[in-house]
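File shown here: target-v9.txt, holding compact mmCIF, C-alpha atoms.
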```
# COMPACT_ATOMS: atom_id res chain seq x y z
CA MET A 128 0.00 0.00 0.00
CA THR A 129 0.95 3.60 -0.53
CA PRO A 130 1.77 5.38 2.75
CA VAL A 131 -0.73 8.18 3.48
CA ARG A 132 2.10 10.69 3.89
CA VAL A 133 3.35 10.00 0.41
CA SER A 134 -0.13 10.71 -0.93
CA ILE A 135 -0.35 13.99 0.99
CA VAL A 136 3.11 15.20 -0.03
CA GLY A 137 2.44 14.17 -3.64
CA ALA A 138 -0.86 16.05 -3.68
CA ILE A 139 0.68 19.21 -2.20
CA ALA A 140 3.56 19.14 -4.68
CA SER A 141 1.16 18.66 -7.59
CA ILE A 142 -1.06 21.51 -6.45
CA LEU A 143 2.00 23.76 -6.06
CA LEU A 144 3.10 22.92 -9.60
CA ILE A 145 -0.36 23.73 -10.98
CA LEU A 146 -0.51 27.01 -9.04
CA VAL A 147 2.97 28.12 -10.17
CA VAL A 148 2.14 27.36 -13.82
CA LEU A 149 -1.18 29.20 -13.59
CA GLU A 150 0.53 32.20 -12.00
CA LEU A 151 3.18 32.27 -14.74
CA VAL A 152 0.44 32.22 -17.39
CA ARG A 153 -1.52 34.90 -15.57
CA GLY A 154 1.56 37.12 -15.48
CA ARG A 155 2.12 36.50 -19.20
CA ARG A 156 5.52 34.96 -18.51
CA LEU A 157 4.41 31.62 -19.95
CA LYS A 158 2.30 31.15 -23.03
CA GLU A 159 -0.80 28.95 -22.72
CA ARG A 160 0.57 26.77 -25.50
CA TYR A 161 3.62 25.87 -23.41
CA ALA A 162 1.69 25.68 -20.14
CA LEU A 163 -0.64 22.91 -21.24
CA LEU A 164 1.85 20.05 -20.87
CA TRP A 165 2.92 21.32 -17.44
CA LEU A 166 -0.69 21.57 -16.31
CA ALA A 167 -1.38 18.06 -17.58
CA THR A 168 1.65 16.89 -15.58
CA GLY A 169 0.31 18.54 -12.44
CA VAL A 170 -3.22 17.20 -12.87
CA VAL A 171 -2.14 13.62 -13.57
CA LEU A 172 0.23 13.59 -10.58
CA LEU A 173 -2.48 15.11 -8.38
CA VAL A 174 -5.02 12.47 -9.45
CA LEU A 175 -2.55 9.64 -8.83
CA SER A 176 -1.66 11.08 -5.42
CA ILE A 177 -5.26 11.42 -4.20
CA TRP A 178 -6.76 8.35 -5.86
CA ARG A 179 -4.78 5.84 -3.78
CA ASP A 180 -6.60 2.74 -5.03
CA GLY A 181 -5.92 3.82 -8.59
CA LEU A 182 -2.20 4.19 -7.91
CA ASN A 183 -2.10 0.73 -6.33
CA THR A 184 -3.99 -0.79 -9.25
CA ILE A 185 -1.70 0.79 -11.83
CA ALA A 186 1.32 -0.32 -9.82
CA GLY A 187 -0.09 -3.84 -9.92
CA TRP A 188 -0.44 -3.67 -13.71
CA ALA A 189 3.12 -2.42 -14.04
CA GLY A 190 4.43 -5.17 -11.80
CA VAL A 191 5.51 -2.72 -9.10
CA THR A 192 4.45 -4.72 -6.09
CA SER A 193 6.83 -3.68 -3.35
CA TYR A 194 6.40 0.11 -3.46
CA PRO A 195 3.44 1.58 -5.44
CA PRO A 196 4.56 5.27 -5.10
CA ALA A 197 7.41 4.43 -7.50
CA VAL A 198 4.72 4.73 -10.16
CA LEU A 199 4.37 8.40 -9.22
CA PHE A 200 8.05 8.98 -9.99
CA ALA A 201 7.80 7.04 -13.22
CA VAL A 202 4.81 9.05 -14.42
CA ALA A 203 6.46 12.33 -13.42
CA THR A 204 9.63 11.35 -15.29
CA LEU A 205 7.63 10.44 -18.38
CA PHE A 206 5.90 13.82 -18.40
CA ILE A 207 9.18 15.67 -17.94
CA LEU A 208 10.57 13.79 -20.95
CA LEU A 209 7.51 14.79 -22.95
CA VAL A 210 7.93 18.45 -22.01
CA LEU A 211 11.63 18.38 -22.97
CA LEU A 212 10.91 16.71 -26.28
CA HIS A 213 8.24 19.29 -26.97
CA TYR A 214 10.75 22.05 -26.27
CA SER A 215 13.24 20.47 -28.66
CA THR A 216 10.69 20.68 -31.45
CA VAL A 217 9.98 24.28 -30.51
CA ILE A 218 13.70 25.13 -30.60
CA SER A 219 14.04 23.45 -34.00
CA LYS A 220 11.18 25.49 -35.38
CA LEU A 221 12.62 28.69 -33.94
CA THR A 222 16.01 27.88 -35.49
CA ASP A 223 14.45 27.42 -38.92
CA GLU A 224 12.48 30.62 -38.55
CA ASN A 225 15.61 32.49 -37.46
CA VAL A 226 17.56 31.31 -40.48
CA ASP A 227 14.68 32.21 -42.77
CA LEU A 228 14.49 35.70 -41.29
CA ALA A 229 18.28 36.17 -41.51
CA GLN A 230 18.18 35.16 -45.18
CA ARG A 231 15.31 37.54 -45.91
CA ILE A 232 17.13 40.39 -44.19
CA ALA A 233 20.28 39.70 -46.23
CA LEU A 234 18.28 39.71 -49.47
CA LEU A 235 16.29 42.82 -48.54
CA GLU A 236 19.35 44.76 -47.38
CA GLU A 237 21.04 44.12 -50.70
CA ARG A 238 17.97 45.41 -52.55
CA VAL A 239 17.71 48.46 -50.32
CA SER A 240 21.39 49.28 -50.82
CA ARG A 241 20.89 49.13 -54.58
CA LEU A 242 17.99 51.57 -54.27
CA GLY A 243 20.43 53.96 -52.65
CA ILE A 244 18.25 54.74 -49.67
CA PRO A 245 20.55 56.00 -46.92
CA ALA A 246 20.42 54.18 -43.62
CA ASP A 247 19.58 56.41 -40.74
CA MET B 296 20.34 31.31 -78.63
CA THR B 297 21.07 33.91 -76.02
CA ARG B 298 23.29 32.86 -73.21
CA GLN B 299 21.47 31.89 -70.04
CA ARG B 300 21.82 34.21 -67.09
CA LEU B 301 24.46 32.82 -64.79
CA VAL B 302 25.21 33.54 -61.14
CA ALA B 303 28.14 32.38 -59.04
CA ILE B 304 27.17 31.74 -55.43
CA VAL B 305 30.09 32.07 -53.03
CA PRO B 306 29.49 31.47 -49.32
CA ALA B 307 32.17 33.04 -47.13
CA TRP B 308 32.86 33.20 -43.44
CA ASN B 309 35.94 35.09 -42.31
CA GLU B 310 37.62 34.70 -45.69
CA SER B 311 38.88 38.25 -46.17
CA GLY B 312 42.29 36.86 -47.09
CA ALA B 313 40.98 34.77 -49.98
CA ILE B 314 37.67 36.22 -51.08
CA GLY B 315 39.08 39.08 -53.18
CA LYS B 316 41.08 36.69 -55.32
CA VAL B 317 38.12 34.31 -55.65
CA VAL B 318 35.87 37.12 -56.93
CA ASP B 319 38.56 38.47 -59.26
CA GLU B 320 39.19 35.05 -60.72
CA ILE B 321 35.55 34.38 -61.51
CA ARG B 322 35.06 37.82 -63.03
CA ALA B 323 38.25 37.60 -65.02
CA TYR B 324 37.32 34.19 -66.29
CA ASP B 325 33.87 35.18 -67.47
CA PRO B 326 32.69 38.79 -67.04
CA ALA B 327 29.12 37.69 -67.83
CA ILE B 328 28.87 35.80 -64.54
CA ASP B 329 27.27 37.75 -61.71
CA VAL B 330 29.20 37.02 -58.54
CA VAL B 331 27.22 36.92 -55.31
CA VAL B 332 29.14 36.53 -52.07
CA ILE B 333 27.12 35.53 -49.03
CA ASP B 334 28.85 36.81 -45.92
CA ASP B 335 27.82 34.51 -43.07
CA CYS B 336 28.19 37.17 -40.38
CA SER B 337 31.99 37.33 -40.58
CA THR B 338 33.91 39.11 -37.88
CA ASP B 339 36.50 40.31 -40.38
CA ASP B 340 35.95 42.53 -43.43
CA THR B 341 35.03 39.74 -45.85
CA ALA B 342 31.95 41.64 -47.04
CA GLU B 343 33.83 44.89 -47.70
CA VAL B 344 36.64 43.11 -49.56
CA ALA B 345 34.18 41.18 -51.72
CA GLU B 346 32.27 44.35 -52.50
CA ALA B 347 35.46 46.24 -53.36
CA HIS B 348 36.27 43.50 -55.87
CA GLY B 349 32.91 43.95 -57.56
CA ALA B 350 30.78 41.22 -56.06
CA THR B 351 27.20 41.61 -54.96
CA VAL B 352 27.28 40.94 -51.22
CA LEU B 353 24.47 39.46 -49.17
CA ARG B 354 25.15 40.12 -45.49
CA LEU B 355 23.57 37.66 -43.09
CA PRO B 356 22.78 39.32 -39.76
CA LEU B 357 23.61 36.14 -37.86
CA ASN B 358 25.78 33.12 -38.52
CA VAL B 359 23.52 30.52 -40.13
CA GLY B 360 26.13 27.97 -41.20
CA ILE B 361 27.44 27.09 -44.62
CA GLY B 362 24.19 25.51 -45.83
CA GLY B 363 22.05 28.42 -44.72
CA ALA B 364 24.48 30.78 -46.44
CA VAL B 365 24.44 28.82 -49.69
CA GLN B 366 20.66 28.67 -49.57
CA THR B 367 20.58 32.48 -49.33
CA GLY B 368 22.38 32.45 -52.66
CA PHE B 369 19.83 30.08 -54.18
CA ARG B 370 17.02 32.30 -52.91
CA TYR B 371 18.75 35.26 -54.53
CA ALA B 372 19.09 33.33 -57.79
CA LEU B 373 15.42 32.36 -57.63
CA ALA B 374 14.22 35.90 -56.94
CA HIS B 375 16.37 37.42 -59.70
CA GLY B 376 15.46 34.94 -62.39
CA TYR B 377 18.81 33.27 -62.94
CA GLN B 378 18.65 30.14 -65.08
CA VAL B 379 21.90 28.64 -63.88
CA ALA B 380 23.85 28.89 -60.62
CA VAL B 381 27.37 27.76 -59.83
CA ARG B 382 28.43 27.34 -56.25
CA LEU B 383 32.08 27.84 -55.30
CA ASP B 384 33.67 28.01 -51.87
CA GLY B 385 34.95 31.33 -50.63
CA ASP B 386 38.35 29.96 -49.65
CA GLY B 387 39.66 29.64 -53.19
CA GLN B 388 39.84 25.86 -53.44
CA HIS B 389 37.56 25.82 -56.48
CA ALA B 390 39.18 27.19 -59.64
CA ALA B 391 37.02 29.39 -61.86
CA SER B 392 38.71 27.84 -64.87
CA GLU B 393 36.88 24.59 -64.05
CA ILE B 394 33.42 26.20 -64.27
CA PRO B 395 32.85 25.33 -67.95
CA LYS B 396 33.22 21.63 -67.13
CA LEU B 397 30.33 21.99 -64.69
CA LEU B 398 28.19 23.99 -67.09
CA ALA B 399 28.57 21.72 -70.12
CA PRO B 400 26.06 19.03 -69.03
CA LEU B 401 23.55 21.75 -68.09
CA GLU B 402 23.88 23.48 -71.45
CA THR B 403 23.32 20.29 -73.38
CA GLY B 404 20.35 19.46 -71.14
CA ASP B 405 21.89 16.24 -69.84
CA ALA B 406 21.67 17.13 -66.17
CA ASP B 407 19.97 19.41 -63.66
CA LEU B 408 22.72 19.22 -61.06
CA VAL B 409 26.39 18.82 -61.90
CA ILE B 410 28.82 17.95 -59.12
CA GLY B 411 32.48 18.71 -59.50
CA SER B 412 33.98 15.52 -58.19
CA ARG B 413 37.59 14.77 -57.42
CA PHE B 414 37.09 11.04 -57.84
CA VAL B 415 35.33 10.43 -61.16
CA ASP B 416 38.64 9.80 -62.80
CA PRO B 417 40.59 7.20 -60.78
CA GLY B 418 43.81 8.86 -61.87
CA GLY B 419 42.80 12.20 -60.33
CA ALA B 420 45.45 14.06 -58.43
CA TYR B 421 43.54 14.41 -55.15
CA ARG B 422 44.53 11.95 -52.41
CA PRO B 423 42.75 12.84 -49.18
CA PRO B 424 43.98 11.65 -45.79
CA PHE B 425 42.94 8.08 -44.97
CA ALA B 426 40.13 8.88 -42.50
CA ARG B 427 38.60 11.45 -44.78
CA ARG B 428 38.84 9.12 -47.77
CA ILE B 429 36.92 6.45 -45.84
CA GLY B 430 34.27 8.99 -44.83
CA ILE B 431 33.83 10.34 -48.34
CA GLY B 432 33.62 6.80 -49.67
CA VAL B 433 31.00 5.68 -47.14
CA PHE B 434 28.80 8.72 -47.78
CA ALA B 435 29.12 8.30 -51.53
CA ARG B 436 28.13 4.65 -51.27
CA LEU B 437 25.16 5.45 -49.01
CA VAL B 438 23.87 8.24 -51.24
CA SER B 439 24.32 5.99 -54.28
CA ILE B 440 22.22 3.26 -52.68
CA LEU B 441 19.54 5.52 -51.22
CA GLY B 442 19.37 7.79 -54.25
CA GLY B 443 19.52 5.07 -56.86
CA GLN B 444 22.40 6.54 -58.82
CA ARG B 445 26.15 6.15 -58.46
CA VAL B 446 27.91 9.21 -57.12
CA THR B 447 31.54 9.39 -56.07
CA ASP B 448 32.01 12.69 -54.25
CA THR B 449 29.03 13.84 -52.24
CA THR B 450 31.08 16.17 -50.08
CA SER B 451 32.02 18.46 -52.93
CA GLY B 452 30.87 22.06 -52.64
CA PHE B 453 31.68 22.80 -56.28
CA VAL B 454 28.37 22.34 -58.10
CA ALA B 455 26.26 23.85 -60.86
CA ILE B 456 22.46 23.64 -61.06
CA ASP B 457 19.73 24.66 -63.46
CA ARG B 458 16.56 26.58 -62.71
CA MET B 459 14.78 23.50 -61.41
CA GLY B 460 17.59 22.84 -58.97
CA ILE B 461 17.61 26.49 -57.90
CA GLU B 462 13.90 26.24 -57.12
CA LEU B 463 14.40 23.03 -55.14
CA PHE B 464 17.35 24.26 -53.10
CA ALA B 465 15.86 27.70 -52.48
CA ALA B 466 12.98 25.92 -50.76
CA GLU B 467 14.89 23.11 -49.12
CA PHE B 468 18.55 23.01 -48.19
CA PRO B 469 20.22 21.63 -45.05
CA HIS B 470 21.71 24.31 -42.82
CA ASP B 471 24.93 22.68 -41.68
CA TYR B 472 27.19 20.24 -43.52
CA PRO B 473 24.70 20.32 -46.40
CA GLU B 474 26.42 18.71 -49.39
CA VAL B 475 25.79 15.02 -48.78
CA GLU B 476 22.16 15.42 -47.81
CA ALA B 477 21.47 17.93 -50.60
CA THR B 478 22.73 15.43 -53.16
CA LEU B 479 20.32 12.81 -51.87
CA VAL B 480 17.41 15.29 -51.79
CA ALA B 481 18.19 16.21 -55.40
CA LEU B 482 18.25 12.57 -56.47
CA ARG B 483 15.04 11.74 -54.63
CA SER B 484 13.33 14.79 -56.11
CA GLY B 485 14.10 13.46 -59.56
CA LEU B 486 16.86 15.87 -60.56
CA ARG B 487 19.26 14.38 -63.04
CA VAL B 488 22.63 14.43 -61.32
CA LYS B 489 25.88 14.22 -63.19
CA GLN B 490 29.46 14.30 -62.00
CA VAL B 491 32.46 15.69 -63.75
CA GLN B 492 36.09 15.39 -62.80
CA VAL B 493 37.58 18.59 -61.44
CA ASP B 494 40.78 19.43 -59.67
CA MET B 495 40.64 21.37 -56.45
CA ARG B 496 43.36 23.41 -54.89
CA GLU B 497 44.58 23.44 -51.36
CA ARG B 498 43.00 26.26 -49.44
CA VAL B 499 45.01 29.47 -49.47
CA THR B 500 44.08 30.90 -46.08
CA GLY B 501 41.82 29.96 -43.20
CA SER B 502 41.16 26.39 -42.18
CA SER B 503 38.70 23.71 -43.20
CA SER B 504 35.41 23.89 -41.36
CA ILE B 505 35.75 20.17 -40.67
CA THR B 506 38.12 19.99 -37.71
CA PHE B 507 38.94 16.77 -35.96
CA VAL B 508 36.65 17.60 -33.03
CA ARG B 509 33.70 18.20 -35.32
CA SER B 510 34.21 15.10 -37.42
CA LEU B 511 32.14 12.90 -35.16
CA TYR B 512 29.24 15.33 -35.13
CA TYR B 513 29.60 15.63 -38.89
CA ILE B 514 29.40 11.87 -39.43
CA VAL B 515 26.51 11.28 -37.05
CA LYS B 516 24.54 14.29 -38.27
CA VAL B 517 24.94 13.38 -41.93
CA MET B 518 24.05 9.73 -41.28
CA LEU B 519 20.88 10.76 -39.45
CA ALA B 520 20.03 13.28 -42.17
CA LEU B 521 20.45 10.62 -44.86
CA LEU B 522 18.26 8.18 -42.93
CA VAL B 523 15.54 10.78 -42.44
CA ALA B 524 15.79 12.04 -46.02
CA SER B 525 15.30 8.53 -47.32
CA LEU B 526 12.21 8.10 -45.15
CA ARG B 527 10.70 11.41 -46.27
CA ARG B 528 8.69 11.75 -49.41
CA TYR B 529 9.85 14.31 -51.95
CA PRO B 530 7.61 15.47 -54.77
CA ARG B 531 9.11 14.40 -58.07
CA LEU B 532 10.07 17.43 -60.09
CA GLU B 533 9.30 17.16 -63.76
CA GLY B 534 12.11 18.05 -66.12
CA ALA B 535 11.59 21.42 -67.79
CA ARG B 536 13.50 20.25 -70.79
```

As structure tokens, please, write out the structure in this file.
Amino acid sequence: MTPVRVSIVGAIASILLILVVLELVRGRRLKERYALLWLATGVVLLVLSIWRDGLNTIAGWAGVTSYPPAVLFAVATLFILLVLLHYSTVISKLTDENVDLAQRIALLEERVSRLGIPAD
Amino acid sequence: MTRQRLVAIVPAWNESGAIGKVVDEIRAYDPAIDVVVIDDCSTDDTAEVAEAHGATVLRLPLNVGIGGAVQTGFRYALAHGYQVAVRLDGDGQHAASEIPKLLAPLETGDADLVIGSRFVDPGGAYRPPFARRIGIGVFARLVSILGGQRVTDTTSGFVAIDRMGIELFAAEFPHDYPEVEATLVALRSGLRVKQVQVDMRERVTGSSSITFVRSLYYIVKVMLALLVASLRRYPRLEGAR
């Protein structure tokens, strides 16, 4: 069985995560698009912390018999991996967009210089 | 028949010592070629030197890597209606006097992309160091298998392409270590690729972008790019000719 304390600590940590993410979004320091995965992480961890029977059942499925809370760590790790992978795709897209913009600037600057418009 | 408009695309990063001579040589060899130097955010005066020698200079505001720089040239060629583009390196290793060899198959309509290869002719003068020879050979073999046509030097940056190739590469060109992958993309897009034997010189100044430390990244990156490129689907381009 999952110790009650583990459930309480897990629930508090999950709620804290959700609150911090919501506050970052509210203060416009985090875009909704990038907050969604973090919120999903918080909600899933919260559910697994509170719903103790569920955690035990899932642990049984996964073959984790000695210590069910290990499933909490596993799920948290999985979500962190997802978030990181998501960020890698975002960085790749930004890189491509940066290169595209740099190329456009180079082409435009050459045209402008041929027009003879002074830079000011 | 009027001569097709021709542009020489020369990517350069911190090549102020060599770029002037490169531009002069192309212009002296054929004054009808428009020379475009793409300055990949050099910290020296590469752009000013190239301009002083009569080249059109495209100044990238940030360093985008050799592929991104070359692609800027293709985008320029596309926007300005050039029918043929030749790509030469800014370090002077590609001799302007070899350009006609690259252009011949384009002018007769036998190819869309012509690669200046150092290994077509087994008696060629170029003998690379052992490790590099192995690498070049492995990439050439891989591209040949995946692209369905035998190529011998996929790492060459001395190439000429027709309008169809310009359109392809303006839209899609790898940003770093681009040559191997670009060759495969061209083959898979249905471009007719031909190789001609050229000689290349030792670089005059600067150093090769492929240092020992970067070799591993180079190999792994290119391998992954080839794998992914062979899994992607490329629309077949129909020959204009």

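Non-sequential neighbours of stretch 484-490 of chain B (distance at most 7 Å, separation of 5 or more positions within a chain, all atoms listed in the file) are Ala406, Asp407, Leu408, Val409, Ile410, Gly411, Ser412, Tyr529, Pro530, Arg531 and Leu532 of chain B.
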
Compile the residues of chain B that lie within 6 Å of chain A, evaluated using all atoms listed in the file, and express the compilation as a PyMOL selection string.
chain B and resi 353-356+367

To one decimal in Å, tell me the separation between atom CA of B:Val515 and atom CA of B:Gly442.
18.9 Å

In the coordinates of the file, take the point (1.4, 27.8, -20.3) and a cut-off of 12 Å; then, counting all atoms listed in the file, name each qualifying protein, DNA or RNA residue as an NGL selection string.
:A and (144-168 or 210)

Measure the distance from atom CA of A:Pro196 to atom CA of A:Thr129 in Å and round it to one decimal.
6.1 Å

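Nearest to B:Thr351 of all the residues B:Pro469, B:Gly460, B:Pro395, B:Pro306 is B:Pro306, based on all atoms listed in the file.
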
Close residues, B:Asp339 itself excluded, 8 Å, all atoms listed in the file, min 3 positions apart in chain, as a PDB file with C-alpha atoms, keeping the file's coordinate frame:
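Okay, selection_1.pdb is ready:
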```pdb
ATOM      1  CA  ASN B 309      35.940  35.090 -42.310  1.00  0.00           C
ATOM      2  CA  GLU B 310      37.620  34.700 -45.690  1.00  0.00           C
ATOM      3  CA  SER B 311      38.880  38.250 -46.170  1.00  0.00           C
TER       4      SER B 311
END
```

Near-A:Ser176 list (12 Å; all atoms listed in the file; drop same-chain fewer than 2 positions) as a count of residues only:
34

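Picture a line from atom CA of B:Arg382 to atom CA of B:Ala350; it runs 14.1 Å.
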
Using only C-alpha atoms, determine which residues lie at most 6 Å from stretch 318-328 of chain B, disregarding the query and same-chain residues fewer than 6 positions distant; provide the list as a list in words.
Leu301, Val302 and Ala391 of chain B

Determine, counting all atoms listed in the file, which protein, DNA and RNA residues have an atom within 12 Å of an atom of B:Ala313; residues of the same chain fewer than 4 positions away are not included. Present the result as a ChimeraX atom specification.
/B:305-309,317-320,339-342,344-345,348,384-389,497-502

Nearest residue to B:Val332 out of B:Gln378, B:Thr478, B:Gln366, B:Ser510, using only C-alpha atoms?
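Selected residue with least distance to B:Val332: B:Gln366.
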
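Remark: for B:Tyr371, the closest of the candidate residues B:Val352, B:Arg527, B:Arg436, B:Tyr513 is B:Val352 (distances computed over only C-alpha atoms).
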